Amino acid sequence: MATVEFKGKTFEVDEDGFLQRFEDWNPDWVEYVKESEGIKDLNDEHNKVIEFLQDYYKKNGIAPMVRILSKVTGYKLKHIYELFPSGPGKGACKMAGLPKPTGCV
Amino acid sequence: MSKMAPPEEVMKVDYSTPAESWMDVKPEFKLGNYSYPGKPDVLKYLGLPNPREWNPVEEDWKLPPDWREIVRDGFRELLKKYRSLKVFMDVCVRCGACADKCHFYIGSGDPKNMPVLRAELLRSIYRGEFTVAAKILGKLSGSRKLEEDVIKEWFMYFYQCTQCRRCSLYCPYGIDTAEITFLARDLMNRIGVNINWILEPVANCNRTGNHLGIQPHAFKDMMDFLVDDIETITGRRVEPTFHRKGAEILFITPSGDIFAEPGIYTFMGYLLLFDYLDLDVTWSTYASEGGNFGSFTNDKWMKKLNAKMYHEAKRLGVKYIIGGECGHMWRVLNQFMDTMNGPADFLEVPKSPITGTVFNNAKSTKMIHLVEFTADLIKNGKLKLDKSRNAGITATWHDSCNTSRGMGFFDEPRYVLENVVEKFVDMPAQTIREQTFCCGGGAGLNNGEFTEMRLRGGLPRGNALRYVQEKFGVNTMSCICAIDRATLPGLADYWAPGVKVTGLHELVGNALVFEGEEERTMNLRQEDLPGVEGSEEDE
């Protein structure tokens with residue numbers, strides 16, 4: 001199991017650097033991921049996306065489909081890519097501590 | 001994934017014969033040519049042996065101490081259970097007819113992706129362990145000893161096979177490489193050598209009803225969202241039902257259709273069609289998966305996951321089942337379901353309530369594919385379709401391996417497609433219908449880490465697509481498989497940039513003309529229709 005040390009905290013991650021357990025998420029994780037994601041400064045829009053992803057995940061046990069994310073936040077997909085250069089799945093979900101979806105996706 | 005070389009580079013494949021004997025070449029695991037191992041928690045949940053952390057690039061795979069005995073005993077058991085396996089092990093004369101037919105061989109030039117040699121990886125052990133010839137002739141008989149490197153080789157190459165069966169089409173003996181791959185994976189699962197992209201969906205499906213792990217309330221939530229979108233686009237409020245006892249038809253589709261783009265547009269197409277027909281159909285969250293990643297694991301899990309379909313049909317008291325646009329689902333349904341979980345004597349032979357057509361081809365399984373149902377509707381003049389709603393599309397058809405080569409759907413989907421788009425053109429003859437080339441992602445290989453190898457395997461499909469794109473201006477490739485819809489957009493972006501991928505019923509949904517309908521200004525993707533004023537939504 002790969003681990004990441006950041007600001008004195010240890011995070012267990014999978015092969016692609018996603019958190020193994022959503023429960024391990026804390027704000028330091030976002031700080032850690034943002035650099036590798038090429039994000040300079042986090043703003044309210046980033047936080048809005050992350051908060052919605054986490055709320056949805058807690059309620060449903062899965063990430064929302066991209067259209068739902070877009071509709072609820074009011075951000076078009078293009079803007080989500082501006083906020084998270086690797087996209088909603090690889091970038092935003094990773095920062096929010098959500099696991100990767102599997103199956104015919 | 002490492003940075004993928006551009007197509008011009010990747011097309012320069014070296015097909016020369018290596019100097020060394022194949023038995024002396026060890027597999028080299030690099031990011032991009034293998035899939036990540038099954039996670040220990042997932043294996044534990046499924047009750048599969050040897051859950052542990054391990055990494056294919058490391059020397060020690062942490063196999064159980066008695067792994068040789070387990071594999072030998074397992075092989076013996078499978079030979080006894082499946083006569084086909086014994087036949088396939090014995091009859092190959094190495095004629096080589098299959099050698100250049102595999103998309104992974106064409107895209108990689110690796111001889112072990114020649115189907116004959118892929119099977120030989122297993123056959124050499126079969127000879128060594130179970131035949132008299134090996135005892136007398138030793139290595140001359142083509143046999144070898146069961147060493148850890150053999151297992152590593154199996155893992156590499158039986159997870160570089162998408163079970164598309166293109167090779168089998170050319171085999172004079174009809175050796176089914178997909179079945180060999182099924183059973184090789186079964187053997188590997190007995191010692192804990194497997195991939196997470198298959199096992200996690202199996203675990204999800206067992207627990208929640210579908211591969212993605214969508215729980216019932218979330219499934220309903222997503223359905224509601226798409227119903228709202230349909231209302232925005234068409235002005236119609238469709239009213240799908242769940243678990244409605246006494247409904248005539250149970251409908252089951254892959255869960256990717258309700259979650260991921262572009263599948264969701266096909267899902268909306270289903271809902272519109274059912275509404276148009278006022279079809280007495282119900283959905284289920286318990287049986288909310290058409291696909292069957294269990295079939296990529298072993299027969300036990302294939303059977304268990306598949307059983308949900310008949311269980312739910314029986315519980316609800318429906319007459320028959322219609323299945324959505326899925327690929328490998330139909331391998332399981334068409335070939336195994338009847339004897340594995342049937343007979344479904346509580347169901348009736350499917351009969352279209354709209355046209356009266358009886359689908360005698362599904363007399364035993366009592367389950368038909370939506371594409372044959374829709375083709376029959378069009379043939380009988382029951383759908384009013386406006387092709388101009390798909391104006392601007394020049395479409396081609398990707399024959400999904402399992403529905404085309406596996407069960408013969410060549411004409412039905414083309415018939416539907418030609419009735420909903422203005423321009424349709426086929427890719428070259430040797431790349432379609434029963435000779436179709438795989439998307440590269442079948443049999444559980446549509447994961448992110450395998451992208452490089454998948455795109456290499458996508459060479460022949462991509463090349464054919466590029467050809468019709470350049471020659472005829474094809475800009476859309478349609479298909480009836482959820483793995484296709486997940487992987488073909490990436491394949492097209494790489495090999496034929498500018499071609500988009502759609503499911504068939506997305507295009508049907510666009511073209512359907514309802515009585516007294518509001519004028520449509522956008523398609524199911526909420527893009528403006530040609531000739532409609534307004535800014536295009538840039539999604």
# chains A, B, ... in the order shown; residues from 1 in each chain; ligands from 1

call {"tool": "residues_around", "arguments": {"residues": "range 37-47 of chain A", "least_positions_apart": "2", "cutoff": "8 Å", "atoms": "only C-alpha atoms", "output": "PDB file with C-alpha atoms, in the first residue's frame"}}
result
ATOM      1  CA  VAL A  33      -3.202  17.337  -4.202  1.00  0.00           C
ATOM      2  CA  LYS A  34      -3.557  20.844  -5.550  1.00  0.00           C
ATOM      3  CA  GLU A  35       0.113  21.134  -6.493  1.00  0.00           C
ATOM      4  CA  VAL A  49     -17.256  21.743  -6.258  1.00  0.00           C
ATOM      5  CA  ILE A  50     -15.410  19.786  -3.579  1.00  0.00           C
ATOM      6  CA  GLU A  51     -18.162  20.297  -1.020  1.00  0.00           C
ATOM      7  CA  LEU A  83     -10.855  24.893 -12.156  1.00  0.00           C
ATOM      8  CA  PHE A  84      -9.531  21.321 -12.193  1.00  0.00           C
ATOM      9  CA  PRO A  85      -7.234  20.788 -15.202  1.00  0.00           C
ATOM     10  CA  SER A  86      -7.395  16.960 -15.009  1.00  0.00           C
ATOM     11  CA  GLY A  91      -8.953  16.057 -10.557  1.00  0.00           C
TER      12      GLY A  91
END

call {"tool": "select_by_dssp", "arguments": {"residues": "range 434-538 of chain B", "states": "strand (DSSP E)", "output": "count of residues only"}}
result
8

call {"tool": "residues_around", "arguments": {"residues": "range 4-6 of chain A", "least_positions_apart": "2", "cutoff": "12 Å", "atoms": "only C-alpha atoms", "output": "ChimeraX atom specification"}}
result
/A:1-2,8-15,17-20,24,26-33

call {"tool": "write_last_selection", "arguments": {"atoms": "C-alpha atoms", "output": "mmCIF file, in the first residue's frame"}}
result
data_model
loop_
_atom_site.group_PDB
_atom_site.id
_atom_site.type_symbol
_atom_site.label_atom_id
_atom_site.label_comp_id
_atom_site.auth_asym_id
_atom_site.auth_seq_id
_atom_site.Cartn_x
_atom_site.Cartn_y
_atom_site.Cartn_z
ATOM 1 C CA MET A 1 0.000 0.000 0.000
ATOM 2 C CA ALA A 2 1.443 3.348 -1.004
ATOM 3 C CA GLY A 8 2.890 15.342 9.517
ATOM 4 C CA LYS A 9 -0.149 13.398 8.352
ATOM 5 C CA THR A 10 -0.133 10.042 6.558
ATOM 6 C CA PHE A 11 -2.569 9.211 3.773
ATOM 7 C CA GLU A 12 -2.991 5.769 2.224
ATOM 8 C CA VAL A 13 -3.477 6.022 -1.531
ATOM 9 C CA ASP A 14 -4.129 3.711 -4.467
ATOM 10 C CA GLU A 15 -1.971 3.277 -7.575
ATOM 11 C CA GLY A 17 -2.918 8.506 -5.957
ATOM 12 C CA PHE A 18 -6.597 8.472 -4.921
ATOM 13 C CA LEU A 19 -7.343 8.163 -1.197
ATOM 14 C CA GLN A 20 -7.971 4.564 -0.185
ATOM 15 C CA ASP A 24 -9.213 9.789 5.769
ATOM 16 C CA ASN A 26 -9.114 16.340 5.639
ATOM 17 C CA PRO A 27 -8.320 19.833 4.294
ATOM 18 C CA ASP A 28 -4.586 19.051 4.242
ATOM 19 C CA TRP A 29 -5.282 16.452 1.558
ATOM 20 C CA VAL A 30 -6.600 19.188 -0.727
ATOM 21 C CA GLU A 31 -3.454 21.219 -0.084
ATOM 22 C CA TYR A 32 -1.360 18.203 -0.980
ATOM 23 C CA VAL A 33 -3.202 17.337 -4.202
#

call {"tool": "select_by_dssp", "arguments": {"residues": "range 103-325 of chain B", "states": "helix (DSSP H, G or I)", "output": "NGL selection string"}}
result
:B and (103-108 or 111-113 or 115-130 or 132-141 or 148-158 or 166-170 or 177-189 or 196-208 or 216-234 or 256-259 or 263-277 or 293-296 or 299-316)

call {"tool": "closest_residue", "arguments": {"among": "A:Leu98, A:Ile80, A:Met65, A:Ala92", "to": "chain B", "atoms": "only C-alpha atoms"}}
result
A:Met65

call {"tool": "interface_residues", "arguments": {"of": "chain B", "to": "chain A", "cutoff": "6 Å", "atoms": "only C-alpha atoms", "output": "PyMOL selection string"}}
result
chain B and resi 201+211-212+218+256+259-260+482-483+486+539

call {"tool": "write_last_selection", "arguments": {"atoms": "C-alpha atoms", "output": "PDB file, in the first residue's frame"}}
result
ATOM      1  CA  PRO B 201     -17.627  -4.195 -10.259  1.00  0.00           C
ATOM      2  CA  HIS B 211     -21.238  -2.682 -11.433  1.00  0.00           C
ATOM      3  CA  LEU B 212     -20.938   0.971 -10.534  1.00  0.00           C
ATOM      4  CA  ALA B 218     -29.168   7.033  -6.096  1.00  0.00           C
ATOM      5  CA  GLY B 256     -22.915   2.782 -17.359  1.00  0.00           C
ATOM      6  CA  PHE B 259     -24.078   7.321 -15.100  1.00  0.00           C
ATOM      7  CA  ALA B 260     -21.581   8.114 -17.809  1.00  0.00           C
ATOM      8  CA  ALA B 482     -21.624   0.305 -22.931  1.00  0.00           C
ATOM      9  CA  ILE B 483     -17.942  -0.659 -22.891  1.00  0.00           C
ATOM     10  CA  ALA B 486     -16.811   4.141 -22.530  1.00  0.00           C
ATOM     11  CA  GLU B 539     -20.333  21.260 -22.853  1.00  0.00           C
TER      12      GLU B 539
END

call {"tool": "residues_around", "arguments": {"residues": "Ala178 in chain B", "least_positions_apart": "6", "cutoff": "10 Å", "atoms": "only C-alpha atoms", "output": "count of residues only"}}
result
14

call {"tool": "atom_distance", "arguments": {"atom1": "CA of Glu289 in chain B", "atom2": "CA of Cys205 in chain B"}}
result
7.3 Å

call {"tool": "atom_distance", "arguments": {"atom1": "CA of Asn447 in chain B", "atom2": "CA of Pro489 in chain B"}}
result
13.6 Å

call {"tool": "residues_around", "arguments": {"residues": "range 330-341 of chain B", "least_positions_apart": "3", "cutoff": "6 Å", "atoms": "only C-alpha atoms", "output": "list in words"}}
result
Ala307, Gly327, Thr365 and Asn402 of chain B

call {"tool": "write_last_selection", "arguments": {"atoms": "N, CA and C atoms", "output": "PDB file, in the first residue's frame"}}
result
ATOM      1  N   ALA B 307     -28.152 -14.433 -12.385  1.00  0.00           N
ATOM      2  CA  ALA B 307     -29.395 -14.971 -11.814  1.00  0.00           C
ATOM      3  C   ALA B 307     -30.379 -13.876 -11.411  1.00  0.00           C
ATOM      4  N   GLY B 327     -22.851  -5.142 -24.612  1.00  0.00           N
ATOM      5  CA  GLY B 327     -22.155  -6.111 -25.436  1.00  0.00           C
ATOM      6  C   GLY B 327     -22.041  -7.474 -24.779  1.00  0.00           C
ATOM      7  N   THR B 365     -34.590 -18.275 -23.922  1.00  0.00           N
ATOM      8  CA  THR B 365     -34.150 -17.338 -22.873  1.00  0.00           C
ATOM      9  C   THR B 365     -35.251 -16.380 -22.437  1.00  0.00           C
ATOM     10  N   ASN B 402     -19.647  -8.834 -29.219  1.00  0.00           N
ATOM     11  CA  ASN B 402     -20.553  -9.850 -28.675  1.00  0.00           C
ATOM     12  C   ASN B 402     -21.925  -9.856 -29.329  1.00  0.00           C
TER      13      ASN B 402
END

call {"tool": "atom_distance", "arguments": {"atom1": "CA of Ala287 in chain B", "atom2": "CA of Pro240 in chain B"}}
result
15.4 Å

call {"tool": "closest_residue", "arguments": {"among": "B:Thr394, B:Thr285, B:Thr234, B:Asn361", "to": "Glu517 in chain B", "atoms": "only C-alpha atoms"}}
result
B:Thr234

call {"tool": "residues_around", "arguments": {"residues": "range 309-315 of chain B", "least_positions_apart": "3", "cutoff": "8 Å", "atoms": "only C-alpha atoms", "output": "PyMOL selection string"}}
result
chain B and resi 245+250+252+284+286-287+306+318-321+341-342+344+346-347
